[in-house]
file work21.cif (mmCIF, C-alpha atoms and all ligand atoms)
data_model
#
loop_
_atom_site.group_PDB
_atom_site.id
_atom_site.type_symbol
_atom_site.label_atom_id
_atom_site.label_comp_id
_atom_site.auth_asym_id
_atom_site.auth_seq_id
_atom_site.Cartn_x
_atom_site.Cartn_y
_atom_site.Cartn_z
ATOM 1 C CA MET A 60 31.912 78.299 -11.913
ATOM 2 C CA ALA A 61 34.029 80.099 -14.495
ATOM 3 C CA THR A 62 31.068 82.257 -15.556
ATOM 4 C CA THR A 63 29.728 83.085 -12.103
ATOM 5 C CA ALA A 64 32.967 84.156 -10.507
ATOM 6 C CA PRO A 65 33.406 87.406 -12.520
ATOM 7 C CA THR A 66 29.754 88.251 -11.936
ATOM 8 C CA ARG A 67 30.166 87.850 -8.168
ATOM 9 C CA ARG A 68 33.333 89.892 -8.288
ATOM 10 C CA LYS A 69 31.531 92.552 -10.307
ATOM 11 C CA THR A 70 28.688 92.584 -7.833
ATOM 12 C CA ARG A 71 31.129 92.975 -4.954
ATOM 13 C CA THR A 72 32.910 95.772 -6.791
ATOM 14 C CA THR A 73 29.622 97.580 -7.435
ATOM 15 C CA ALA A 74 28.596 97.200 -3.811
ATOM 16 C CA LYS A 75 31.978 98.439 -2.684
ATOM 17 C CA ALA A 76 31.721 101.403 -5.040
ATOM 18 C CA ALA A 77 28.250 102.151 -3.696
ATOM 19 C CA ASP A 78 29.570 101.924 -0.140
ATOM 20 C CA THR A 79 32.456 104.176 -0.974
ATOM 21 C CA GLY A 80 30.127 106.601 -2.685
ATOM 22 C CA PHE A 81 27.842 106.668 0.318
ATOM 23 C CA SER A 82 30.799 107.155 2.638
ATOM 24 C CA THR A 83 32.104 109.978 0.491
ATOM 25 C CA VAL A 84 28.713 111.688 0.556
ATOM 26 C CA ALA A 85 28.429 111.124 4.298
ATOM 27 C CA VAL A 86 31.945 112.416 4.949
ATOM 28 C CA ALA A 87 31.390 115.408 2.649
ATOM 29 C CA GLY A 88 28.108 116.156 4.423
ATOM 30 C CA ALA A 89 29.719 115.884 7.818
ATOM 31 C CA ALA A 90 32.620 118.057 6.679
ATOM 32 C CA ALA A 91 30.223 120.678 5.301
ATOM 33 C CA ALA A 92 28.225 120.586 8.537
ATOM 34 C CA GLY A 93 31.451 120.843 10.518
ATOM 35 C CA LEU A 94 32.595 123.717 8.349
ATOM 36 C CA PHE A 95 29.274 125.493 8.867
ATOM 37 C CA VAL A 96 29.475 124.979 12.628
ATOM 38 C CA GLY A 97 33.069 126.205 12.464
ATOM 39 C CA PHE A 98 32.077 129.343 10.541
ATOM 40 C CA ALA A 99 29.137 129.952 12.864
ATOM 41 C CA ALA A 100 31.305 129.490 15.950
ATOM 42 C CA ASN A 101 33.940 131.789 14.483
ATOM 43 C CA PHE A 102 31.307 134.417 13.650
ATOM 44 C CA VAL A 103 29.925 134.256 17.201
ATOM 45 C CA ARG A 104 33.445 134.470 18.659
ATOM 46 C CA LYS A 105 34.232 137.498 16.439
ATOM 47 C CA ALA A 106 30.930 139.159 17.382
ATOM 48 C CA ILE A 107 31.727 138.673 21.075
ATOM 49 C CA VAL A 108 35.228 140.142 20.683
ATOM 50 C CA GLN A 109 33.873 143.128 18.731
ATOM 51 C CA ALA A 110 30.784 143.617 20.948
ATOM 52 C CA PRO A 111 32.240 146.131 23.464
ATOM 53 C CA THR A 112 33.281 148.368 20.556
ATOM 54 C CA ALA A 113 30.116 147.838 18.507
ATOM 55 C CA LEU A 114 27.847 148.557 21.496
ATOM 56 C CA ALA A 115 29.550 151.853 22.344
ATOM 57 C CA GLY A 116 27.380 153.592 19.727
ATOM 58 C CA ASP A 117 30.020 156.207 18.943
ATOM 59 C CA TRP A 118 33.376 155.634 17.259
ATOM 60 C CA ALA A 119 35.385 157.963 19.508
ATOM 61 C CA GLU A 120 33.882 156.501 22.694
ATOM 62 C CA ALA A 121 34.472 152.981 21.388
ATOM 63 C CA LEU A 122 38.137 153.698 20.731
ATOM 64 C CA ALA A 123 38.527 155.345 24.136
ATOM 65 C CA ALA A 124 37.078 152.175 25.710
ATOM 66 C CA GLU A 125 39.622 150.096 23.790
ATOM 67 C CA HIS A 126 42.404 152.378 25.064
ATOM 68 C CA LYS A 127 41.214 151.741 28.619
ATOM 69 C CA ALA A 128 41.101 147.968 28.056
ATOM 70 C CA THR A 129 44.623 148.087 26.597
ATOM 71 C CA LEU A 130 45.964 149.943 29.636
ATOM 72 C CA ALA A 131 44.307 147.328 31.875
ATOM 73 C CA LEU A 132 46.343 144.697 30.003
ATOM 74 C CA PHE A 133 49.501 146.719 30.704
ATOM 75 C CA ASP A 134 48.523 146.730 34.406
ATOM 76 C CA ARG A 135 48.359 142.928 34.372
ATOM 77 C CA ILE A 136 51.714 142.647 32.607
ATOM 78 C CA GLU A 137 53.363 145.051 35.028
ATOM 79 C CA GLU A 138 52.084 142.975 37.977
ATOM 80 C CA THR A 139 54.058 139.919 36.798
ATOM 81 C CA GLY A 140 57.386 138.846 38.267
ATOM 82 C CA GLU A 141 60.490 137.790 36.349
ATOM 83 C CA ALA A 142 59.789 134.092 36.980
ATOM 84 C CA GLN A 143 56.346 134.303 35.322
ATOM 85 C CA THR A 144 57.671 134.055 31.793
ATOM 86 C CA SER A 145 54.738 131.986 30.459
ATOM 87 C CA ARG A 146 52.230 134.482 31.842
ATOM 88 C CA ARG A 147 54.208 137.339 30.327
ATOM 89 C CA SER A 148 54.154 135.584 26.924
ATOM 90 C CA PHE A 149 50.409 134.942 27.199
ATOM 91 C CA LEU A 150 49.604 138.548 28.158
ATOM 92 C CA LEU A 151 51.904 139.869 25.425
ATOM 93 C CA MET A 152 49.976 137.748 22.915
ATOM 94 C CA GLN A 153 46.702 139.287 24.174
ATOM 95 C CA LEU A 154 48.205 142.773 23.908
ATOM 96 C CA LYS A 155 49.326 142.088 20.326
ATOM 97 C CA HIS A 156 45.837 140.965 19.336
ATOM 98 C CA ALA A 157 44.115 143.940 20.987
ATOM 99 C CA LEU A 158 46.523 146.428 19.403
ATOM 100 C CA ALA A 159 46.354 144.785 15.964
ATOM 101 C CA LYS A 160 42.545 145.081 15.967
ATOM 102 C CA HIS A 161 42.706 148.663 17.265
ATOM 103 C CA ALA A 162 45.313 149.643 14.637
ATOM 104 C CA LEU A 163 43.197 148.223 11.807
ATOM 105 C CA GLU A 164 40.130 150.162 12.997
ATOM 106 C CA GLU A 165 42.073 153.407 13.246
ATOM 107 C CA GLU A 166 44.328 153.137 10.197
ATOM 108 C CA ASN A 167 41.713 151.754 7.772
ATOM 109 C CA ALA A 168 38.812 153.959 8.853
ATOM 110 C CA ILE A 169 39.529 156.783 11.324
ATOM 111 C CA TYR A 170 42.900 158.007 10.026
ATOM 112 C CA ALA A 171 41.587 157.825 6.442
ATOM 113 C CA ALA A 172 38.605 159.961 7.506
ATOM 114 C CA LEU A 173 41.026 162.385 9.219
ATOM 115 C CA ARG A 174 42.898 162.900 5.917
ATOM 116 C CA ASP A 175 39.637 163.374 4.020
ATOM 117 C CA ASN A 176 38.767 165.995 6.646
ATOM 118 C CA GLY A 177 42.022 167.899 6.056
ATOM 119 C CA GLN A 178 43.776 166.528 9.193
ATOM 120 C CA THR A 179 46.503 164.865 7.128
ATOM 121 C CA GLU A 180 49.445 165.900 9.300
ATOM 122 C CA GLU A 181 47.747 164.531 12.413
ATOM 123 C CA ALA A 182 46.775 161.272 10.672
ATOM 124 C CA ASP A 183 50.314 160.723 9.377
ATOM 125 C CA LYS A 184 51.796 161.431 12.825
ATOM 126 C CA LEU A 185 49.455 158.936 14.490
ATOM 127 C CA ASN A 186 50.136 156.383 11.756
ATOM 128 C CA GLY A 187 53.875 156.797 12.398
ATOM 129 C CA ASP A 188 53.297 156.149 16.113
ATOM 130 C CA HIS A 189 51.620 152.852 15.196
ATOM 131 C CA GLY A 190 54.841 151.785 13.457
ATOM 132 C CA TYR A 191 56.627 152.130 16.806
ATOM 133 C CA VAL A 192 53.853 150.182 18.541
ATOM 134 C CA LYS A 193 54.764 147.275 16.250
ATOM 135 C CA GLN A 194 58.452 147.870 16.991
ATOM 136 C CA TYR A 195 57.852 147.589 20.767
ATOM 137 C CA LEU A 196 55.756 144.459 20.290
ATOM 138 C CA TYR A 197 58.514 142.889 18.184
ATOM 139 C CA ASP A 198 61.249 143.823 20.683
ATOM 140 C CA LEU A 199 59.226 142.461 23.598
ATOM 141 C CA THR A 200 58.677 139.231 21.665
ATOM 142 C CA VAL A 201 62.369 138.588 20.997
ATOM 143 C CA MET A 202 63.719 139.825 24.359
ATOM 144 C CA ALA A 203 64.160 137.398 27.278
ATOM 145 C CA LYS A 204 60.967 137.581 29.363
ATOM 146 C CA ASP A 205 62.855 137.115 32.648
ATOM 147 C CA SER A 206 65.176 140.046 32.044
ATOM 148 C CA PRO A 207 64.798 143.335 34.004
ATOM 149 C CA ALA A 208 65.169 145.030 30.600
ATOM 150 C CA TRP A 209 61.909 143.397 29.460
ATOM 151 C CA ILE A 210 59.670 145.035 32.061
ATOM 152 C CA ALA A 211 61.554 148.341 31.632
ATOM 153 C CA LYS A 212 60.735 148.148 27.909
ATOM 154 C CA VAL A 213 57.070 147.511 28.794
ATOM 155 C CA ALA A 214 57.033 150.674 30.953
ATOM 156 C CA GLU A 215 58.624 152.762 28.171
ATOM 157 C CA PHE A 216 56.098 151.335 25.665
ATOM 158 C CA ARG A 217 53.220 152.208 27.969
ATOM 159 C CA ARG A 218 54.385 155.807 28.427
ATOM 160 C CA ARG A 219 54.629 156.386 24.679
ATOM 161 C CA LEU A 220 51.310 154.670 24.024
ATOM 162 C CA GLU A 221 49.525 156.731 26.688
ATOM 163 C CA THR A 222 50.771 159.944 25.059
ATOM 164 C CA HIS A 223 49.484 158.691 21.694
ATOM 165 C CA MET A 224 46.103 157.779 23.191
ATOM 166 C CA GLN A 225 45.782 161.193 24.879
ATOM 167 C CA GLU A 226 46.501 162.991 21.609
ATOM 168 C CA GLU A 227 43.766 160.968 19.943
ATOM 169 C CA GLU A 228 41.196 161.307 22.727
ATOM 170 C CA ARG A 229 41.744 164.933 23.738
ATOM 171 C CA ASP A 230 42.447 166.747 20.495
ATOM 172 C CA ILE A 231 42.463 164.903 17.199
ATOM 173 C CA PHE A 232 39.380 162.676 17.439
ATOM 174 C CA PRO A 233 37.071 165.344 18.955
ATOM 175 C CA ALA A 234 38.057 167.732 16.139
ATOM 176 C CA LEU A 235 37.076 165.127 13.538
ATOM 177 C CA ARG A 236 33.861 164.197 15.292
ATOM 178 C CA HIS A 237 32.763 167.841 15.540
ATOM 179 C CA SER A 238 33.352 168.524 11.880
ATOM 180 C CA LEU A 239 31.322 165.505 10.697
ATOM 181 C CA SER A 240 27.520 165.313 10.603
ATOM 182 C CA ASP A 241 25.668 162.775 12.762
ATOM 183 C CA GLU A 242 25.165 160.634 9.673
ATOM 184 C CA GLN A 243 28.854 160.798 8.719
ATOM 185 C CA ASN A 244 29.875 159.921 12.277
ATOM 186 C CA HIS A 245 27.550 156.927 12.177
ATOM 187 C CA GLU A 246 28.934 155.811 8.800
ATOM 188 C CA LEU A 247 32.460 156.069 10.219
ATOM 189 C CA PHE A 248 31.415 154.029 13.260
ATOM 190 C CA VAL A 249 30.038 151.277 10.986
ATOM 191 C CA ALA A 250 33.164 151.311 8.785
ATOM 192 C CA MET A 251 35.400 151.102 11.861
ATOM 193 C CA ASN A 252 33.488 148.100 13.240
ATOM 194 C CA LYS A 253 33.772 146.291 9.900
ATOM 195 C CA GLU A 254 37.544 146.719 10.076
ATOM 196 C CA GLY A 255 37.583 145.485 13.673
ATOM 197 C CA LEU A 256 35.597 142.381 12.760
ATOM 198 C CA LYS A 257 38.262 141.387 10.230
ATOM 199 C CA ILE A 258 40.726 140.690 12.987
ATOM 200 C CA ALA A 259 38.439 140.176 16.038
HETATM 201 FE FE FE B 1 46.212 155.065 17.479
HETATM 202 FE FE FE B 2 43.837 154.587 19.559
#

call {"tool": "encode", "arguments": {"input": "work21.cif", "output": "structure tokens", "more": "lines below"}}
Ligand SMILES: [Fe+2]
Ligand SMILES: [Fe+2]
result
Amino acid sequence: MATTAPTRRKTRTTAKAADTGFSTVAVAGAAAAGLFVGFAANFVRKAIVQAPTALAGDWAEALAAEHKATLALFDRIEETGEAQTSRRSFLLMQLKHALAKHALEEENAIYAALRDNGQTEEADKLNGDHGYVKQYLYDLTVMAKDSPAWIAKVAEFRRRLETHMQEEERDIFPALRHSLSDEQNHELFVAMNKEGLKIA
């Protein structure tokens, strides 16, 4: 009895270790599969978010489409009443995401191309405007959503943003597009989409 007991214990231990090893492999495999599915799902989600911009085929048209979509979000915010604080928070979150993606595309690709094209003053002015976009988003986040001051701040933000968008669409972006070759415009479009995908 004294000699068989340790052997049985050893056998049990080995079996347990084998079980544990199998479980670890199984869990690791499942985790890896889950991670892959997660990455794939995230890639698909990002591709869907970036699709309207990527399908535009032209960087200036794509950004103009994003401007339009942003103003549509403002419309939805301005339709809310003071009691709809949760909806205001939700729409503000959507606005923040849309503007963060748009800012990355412009600042990391378009404004850099503007400076390389000699439009430094214009690029720096637009970049400065983006600082105030972040200021408005911060103020709207900390202000009480049921206050009349909140929706007044939204209206002021919209007015300033529309002026910024018009400067981009009417003057500054067409000037850049016209001075670049078709190939350079395409390269800029690709670079801009890569930036957008980072935050999509
Ligand atoms: Fe901009
Ligand atoms: Fe813009």

call {"tool": "residues_near_ligand", "arguments": {"input": "work21.cif", "ligand": "ligand FE 2 (chain B)", "cutoff": "8 Å", "atoms": "all atoms listed in the file", "output": "NGL selection string"}}
result
:A and (122-123 or 125-126 or 161-162 or 165 or 223-224 or 227-228)

call {"tool": "residues_near_ligand", "arguments": {"input": "work21.cif", "ligand": "ligand FE 1 (chain B)", "cutoff": "12 Å", "atoms": "all atoms listed in the file", "output": "ChimeraX atom specification"}}
result
/A:119,122-123,125-126,129,157-170,181-193,219-228,231-232

call {"tool": "resolve_selection", "arguments": {"input": "work21.cif", "expression": "the PyMOL selection byres (((chain A and resi 204-214) around 6) and not hetatm)", "output": "list in words"}}
result
Glu141, Thr144, Ala203, Glu215, Phe216 and Arg217 of chain A

call {"tool": "atom_distance", "arguments": {"input": "work21.cif", "atom1": "atom CA of Ala121 of chain A", "atom2": "atom CA of Gln153 of chain A"}}
result
18.6 Å

call {"tool": "closest_residue", "arguments": {"input": "work21.cif", "among": "A:Glu180, A:Asp175, A:Asp198, A:Glu138", "to": "Leu239 of chain A", "atoms": "all atoms listed in the file"}}
result
A:Asp175

call {"tool": "residues_around", "arguments": {"input": "work21.cif", "residues": "Leu256 of chain A", "least_positions_apart": "2", "cutoff": "10 Å", "atoms": "all atoms listed in the file", "output": "PyMOL selection string"}}
result
chain A and resi 102+105-110+113+160+163-164+251-254+258-259

call {"tool": "atom_distance", "arguments": {"input": "work21.cif", "atom1": "atom CA of His237 of chain A", "atom2": "atom CA of Glu120 of chain A"}}
result
13.5 Å

call {"tool": "atom_distance", "arguments": {"input": "work21.cif", "atom1": "atom CA of Lys257 of chain A", "atom2": "atom CA of Glu137 of chain A"}}
result
29.3 Å

call {"tool": "closest_residue", "arguments": {"input": "work21.cif", "among": "A:Leu235, A:Glu242, A:Phe133, A:Gly97", "to": "Arg174 of chain A", "atoms": "only C-alpha atoms"}}
result
A:Leu235

call {"tool": "closest_residue", "arguments": {"input": "work21.cif", "among": "A:Ser240, A:Arg135, A:Ala99, A:Leu154", "to": "Tyr197 of chain A", "atoms": "only C-alpha atoms"}}
result
A:Leu154

call {"tool": "closest_residue", "arguments": {"input": "work21.cif", "among": "A:Leu130, A:Gln243, A:Pro233, A:Ala92", "to": "Arg218 of chain A", "atoms": "all atoms listed in the file"}}
result
A:Leu130

call {"tool": "axis_aligned_box", "arguments": {"input": "work21.cif", "around": "segment 222-238 of chain A", "padding_each_side": "3 Å", "output": "JSON"}}
result
{"center_x": 41.8, "center_y": 163.2, "center_z": 18.5, "size_x": 24.0, "size_y": 16.7, "size_z": 19.2}

call {"tool": "closest_residue", "arguments": {"input": "work21.cif", "among": "A:Gln178, A:Met202, A:Gln194, A:Ser238", "to": "Arg147 of chain A", "atoms": "only C-alpha atoms"}}
result
A:Met202

call {"tool": "closest_residue", "arguments": {"input": "work21.cif", "among": "A:Asp117, A:His156, A:Gln143, A:Gly255", "to": "Arg236 of chain A", "atoms": "all atoms listed in the file"}}
result
A:Asp117

call {"tool": "build_atoms", "arguments": {"input": "work21.cif", "residues": "segment 234-247 of chain A", "atoms": "N, CA and C atoms", "output": "compact mmCIF listing (two decimals), keeping the file's coordinate frame"}}
result
# COMPACT_ATOMS: atom_id res chain seq x y z
N ALA A 234 38.10 166.79 17.26
CA ALA A 234 38.06 167.73 16.14
C ALA A 234 37.38 167.09 14.93
N LEU A 235 37.70 165.83 14.67
CA LEU A 235 37.08 165.13 13.54
C LEU A 235 35.59 164.93 13.79
N ARG A 236 35.27 164.47 15.00
CA ARG A 236 33.86 164.20 15.29
C ARG A 236 33.00 165.46 15.15
N HIS A 237 33.53 166.60 15.60
CA HIS A 237 32.76 167.84 15.54
C HIS A 237 32.58 168.36 14.12
N SER A 238 33.51 168.00 13.25
CA SER A 238 33.35 168.52 11.88
C SER A 238 32.54 167.59 10.98
N LEU A 239 32.17 166.42 11.47
CA LEU A 239 31.32 165.50 10.70
C LEU A 239 29.87 165.63 11.16
N SER A 240 28.95 165.33 10.24
CA SER A 240 27.52 165.31 10.60
C SER A 240 27.23 164.03 11.40
N ASP A 241 26.06 163.98 12.01
CA ASP A 241 25.67 162.78 12.76
C ASP A 241 25.70 161.55 11.86
N GLU A 242 25.20 161.74 10.62
CA GLU A 242 25.16 160.63 9.67
C GLU A 242 26.58 160.18 9.30
N GLN A 243 27.46 161.14 9.07
CA GLN A 243 28.85 160.80 8.72
C GLN A 243 29.56 160.10 9.89
N ASN A 244 29.27 160.57 11.10
CA ASN A 244 29.88 159.92 12.28
C ASN A 244 29.38 158.48 12.41
N HIS A 245 28.10 158.28 12.11
CA HIS A 245 27.55 156.93 12.18
C HIS A 245 28.17 156.04 11.10
N GLU A 246 28.31 156.58 9.89
CA GLU A 246 28.93 155.81 8.80
C GLU A 246 30.37 155.42 9.17
N LEU A 247 31.07 156.34 9.81
CA LEU A 247 32.46 156.07 10.22
C LEU A 247 32.50 154.99 11.30
